[in-house]
Amino acid sequence: MKVLDSLNLEVAAGEKLALIGPSGSGKTTILRILMTLETISAGQVVVNGDYLWHEEKDGKLVDASEAHLHKMRNDIGMVFQHFNLFPHLNAVQNIEQPQVLVRKTSKSEARDKAMELLGLVGLSDKANHFPHQLSGGQQQRVAIARSLAMDPKIMLFDEVTSALDPELVDEVLTVLRKLASDSDTTMLTVTHEMNFARDFADRVLFFDKGKIVESGDPKIIFSDPSEPRTRAFLSKYINVS
């Protein structure tokens with residue numbers, strides 16, 4: 001089964017991309033490929049000038065080794081629909097531990113950075129709370145801070161509000177808006193929150209059946225899309241002229 005069909009996509013450093021479209025259209029698969037959670041059957045992916053799923057040996061492209069994939073993952077962070085926090089660690093420990101284990105950061109440096117990031121996501125007062133003591137929105141904000149702690153050059157967000165109660169969605173989207181405005185990190189976000197996509201993104205891509213149907217400035221995509229399929233999809237969420 002072909003999930004992505006003849007995809008040709010280039011993302012500039014620091015660009016904020018919103019991927020929209022019906023469920024099953026291939027949006028999340030793109031993120032999973034970039035995070036090396038899904039393999040590709042054809043083509044190449046280049047991240048920061050290096051092949052992701054391949055490496056060059058003796059002038060030829062060969063399948064990437066696990067060591068190469070591990071190296072490439074160091075520059076990419078992903079936040080999933082579900083928070084996946086360690087239940088036996090409190091908020092600050094959840095952010096601290098990956099730095100110590102993966103980056104070999106000293107415990108004191110990792111703790112300082114964790115507290116800084118908890119402040120960034122508005123949870124300084126929840127540092128010693130365990131996941132079961134936090135709301136879904138708070139857990140997701142800790143998950144965002146945990147990914148940011150690894151200093152990724154690229155951040156991937158996969159429907160990060162879909163598992164939240166409606167009243168908790170805004171607190172997470174507010175954090176993402178702040179990250180987008182204050183950070184030069186490249187960000188790709190799969191979302192069904194159309195108003196957020198319009199505010200957040202430098203560019204919006206509408207996917208359907210594994211293809212990019214339309215790509216462009218959010219102001220244009222959301223007010224006057226050129227493709228009938230885009231218009232039909234967006235009409236379910238917002239008024240389009």
# chains A, B, ... in the order shown; residues from 1 in each chain; ligands from 1

call {"tool": "select_by_dssp", "arguments": {"residues": "region 125-164 of chain A", "states": "helix (DSSP H, G or I)", "output": "PyMOL selection string"}}
result
chain A and resi 125-126+131-133+136-148

call {"tool": "residues_around", "arguments": {"residues": "region 139-150 of chain A", "least_positions_apart": "4", "cutoff": "7 Å", "atoms": "only C-alpha atoms", "output": "MDAnalysis selection string"}}
result
chainID A and resid 77:79 83 85 91 94:95 99 113:114 117:118 121 131 134:135 172

call {"tool": "residues_around", "arguments": {"residues": "region 208-223 of chain A", "least_positions_apart": "6", "cutoff": "9 Å", "atoms": "only C-alpha atoms", "output": "NGL selection string"}}
result
:A and (2-9 or 18 or 20-27 or 194 or 197-202 or 229-231 or 234 or 238-241)

call {"tool": "residues_around", "arguments": {"residues": "Gln93 (chain A)", "least_positions_apart": "4", "cutoff": "8 Å", "atoms": "only C-alpha atoms", "output": "PyMOL selection string"}}
result
chain A and resi 89+97+111+114

call {"tool": "residues_around", "arguments": {"residues": "Arg32 (chain A)", "least_positions_apart": "5", "cutoff": "9 Å", "atoms": "only C-alpha atoms", "output": "list in words"}}
result
Leu37, Glu38, Thr39, Met78 and Leu156 of chain A

call {"tool": "write_last_selection", "arguments": {"atoms": "all heavy atoms", "output": "PDB file, in the first residue's frame"}}
result
ATOM      1  N   LEU A  37      10.990   6.367  12.382  1.00  0.00           N
ATOM      2  CA  LEU A  37      10.064   5.371  12.920  1.00  0.00           C
ATOM      3  C   LEU A  37       9.371   4.591  11.807  1.00  0.00           C
ATOM      4  O   LEU A  37       8.792   3.537  12.060  1.00  0.00           O
ATOM      5  CB  LEU A  37       9.008   6.063  13.797  1.00  0.00           C
ATOM      6  CG  LEU A  37       9.543   6.787  15.036  1.00  0.00           C
ATOM      7  CD1 LEU A  37       8.431   7.557  15.722  1.00  0.00           C
ATOM      8  CD2 LEU A  37      10.176   5.793  16.000  1.00  0.00           C
ATOM      9  N   GLU A  38       9.424   5.122  10.592  1.00  0.00           N
ATOM     10  CA  GLU A  38       8.888   4.438   9.410  1.00  0.00           C
ATOM     11  C   GLU A  38       9.967   4.481   8.336  1.00  0.00           C
ATOM     12  O   GLU A  38      10.620   5.521   8.143  1.00  0.00           O
ATOM     13  CB  GLU A  38       7.630   5.144   8.880  1.00  0.00           C
ATOM     14  CG  GLU A  38       6.454   5.177   9.832  1.00  0.00           C
ATOM     15  CD  GLU A  38       5.655   3.896   9.847  1.00  0.00           C
ATOM     16  OE1 GLU A  38       5.992   2.984   9.061  1.00  0.00           O
ATOM     17  OE2 GLU A  38       4.711   3.814  10.643  1.00  0.00           O
ATOM     18  N   THR A  39      10.143   3.378   7.642  1.00  0.00           N
ATOM     19  CA  THR A  39      11.134   3.341   6.568  1.00  0.00           C
ATOM     20  C   THR A  39      10.510   3.812   5.252  1.00  0.00           C
ATOM     21  O   THR A  39       9.290   3.916   5.125  1.00  0.00           O
ATOM     22  CB  THR A  39      11.676   1.915   6.395  1.00  0.00           C
ATOM     23  OG1 THR A  39      10.584   1.032   6.099  1.00  0.00           O
ATOM     24  CG2 THR A  39      12.371   1.444   7.652  1.00  0.00           C
ATOM     25  N   MET A  78      10.461  14.963  18.594  1.00  0.00           N
ATOM     26  CA  MET A  78       9.060  14.756  18.219  1.00  0.00           C
ATOM     27  C   MET A  78       8.197  14.688  19.462  1.00  0.00           C
ATOM     28  O   MET A  78       8.563  14.074  20.461  1.00  0.00           O
ATOM     29  CB  MET A  78       8.910  13.476  17.395  1.00  0.00           C
ATOM     30  CG  MET A  78       7.508  13.252  16.861  1.00  0.00           C
ATOM     31  SD  MET A  78       7.480  11.986  15.555  1.00  0.00           S
ATOM     32  CE  MET A  78       5.718  11.903  15.179  1.00  0.00           C
ATOM     33  N   LEU A 156       9.050  18.140  15.554  1.00  0.00           N
ATOM     34  CA  LEU A 156       7.883  17.553  14.905  1.00  0.00           C
ATOM     35  C   LEU A 156       6.767  17.427  15.937  1.00  0.00           C
ATOM     36  O   LEU A 156       6.987  16.902  17.027  1.00  0.00           O
ATOM     37  CB  LEU A 156       8.229  16.175  14.343  1.00  0.00           C
ATOM     38  CG  LEU A 156       9.526  16.078  13.518  1.00  0.00           C
ATOM     39  CD1 LEU A 156       9.820  14.627  13.160  1.00  0.00           C
ATOM     40  CD2 LEU A 156       9.424  16.922  12.253  1.00  0.00           C
TER      41      LEU A 156
END

call {"tool": "atom_distance", "arguments": {"atom1": "CA of Pro87 (chain A)", "atom2": "CA of Ala180 (chain A)"}}
result
28.7 Å

call {"tool": "closest_residue", "arguments": {"among": "A:Gln138, A:Met115, A:Thr36, A:Leu101", "to": "Leu168 (chain A)", "atoms": "only C-alpha atoms"}}
result
A:Gln138

call {"tool": "select_by_dssp", "arguments": {"residues": "region 13-211 of chain A", "states": "strand (DSSP E)", "output": "MDAnalysis selection string"}}
result
chainID A and resid 16:20 46:47 50:51 54:57 60:63 76:79 154:158 186:190 203:208 211

call {"tool": "residues_around", "arguments": {"residues": "Val62 (chain A)", "least_positions_apart": "6", "cutoff": "12 Å", "atoms": "only C-alpha atoms", "output": "ChimeraX atom specification"}}
result
/A:44,51-56,68

call {"tool": "closest_residue", "arguments": {"among": "A:Leu173, A:Leu69, A:Val46, A:Leu179", "to": "Asn195 (chain A)", "atoms": "only C-alpha atoms"}}
result
A:Leu173

call {"tool": "decode", "arguments": {"residues": "region 89-110 of chain A", "atoms": "C-alpha atoms", "output": "short mmCIF file (atom, residue, chain, number, x, y, z; two decimals), in the first residue's frame"}}
result
data_model
loop_
_atom_site.label_atom_id
_atom_site.label_comp_id
_atom_site.auth_asym_id
_atom_site.auth_seq_id
_atom_site.Cartn_x
_atom_site.Cartn_y
_atom_site.Cartn_z
CA LEU A 89 9.44 10.51 37.50
CA ASN A 90 8.17 13.97 38.37
CA ALA A 91 7.98 16.76 35.78
CA VAL A 92 11.51 18.09 36.22
CA GLN A 93 12.97 14.56 36.26
CA ASN A 94 11.13 13.70 33.03
CA ILE A 95 12.95 16.58 31.34
CA GLU A 96 16.24 16.04 33.13
CA GLN A 97 16.75 12.31 32.60
CA PRO A 98 17.00 12.20 28.77
CA GLN A 99 19.64 14.92 28.88
CA VAL A 100 21.73 12.91 31.34
CA LEU A 101 21.28 9.54 29.62
CA VAL A 102 21.50 10.59 25.96
CA ARG A 103 23.46 13.86 25.93
CA LYS A 104 25.60 12.92 28.93
CA THR A 105 24.82 16.31 30.47
CA SER A 106 25.75 16.73 34.12
CA LYS A 107 22.84 16.35 36.52
CA SER A 108 23.10 19.95 37.71
CA GLU A 109 23.13 21.35 34.15
CA ALA A 110 20.23 19.11 33.18
#
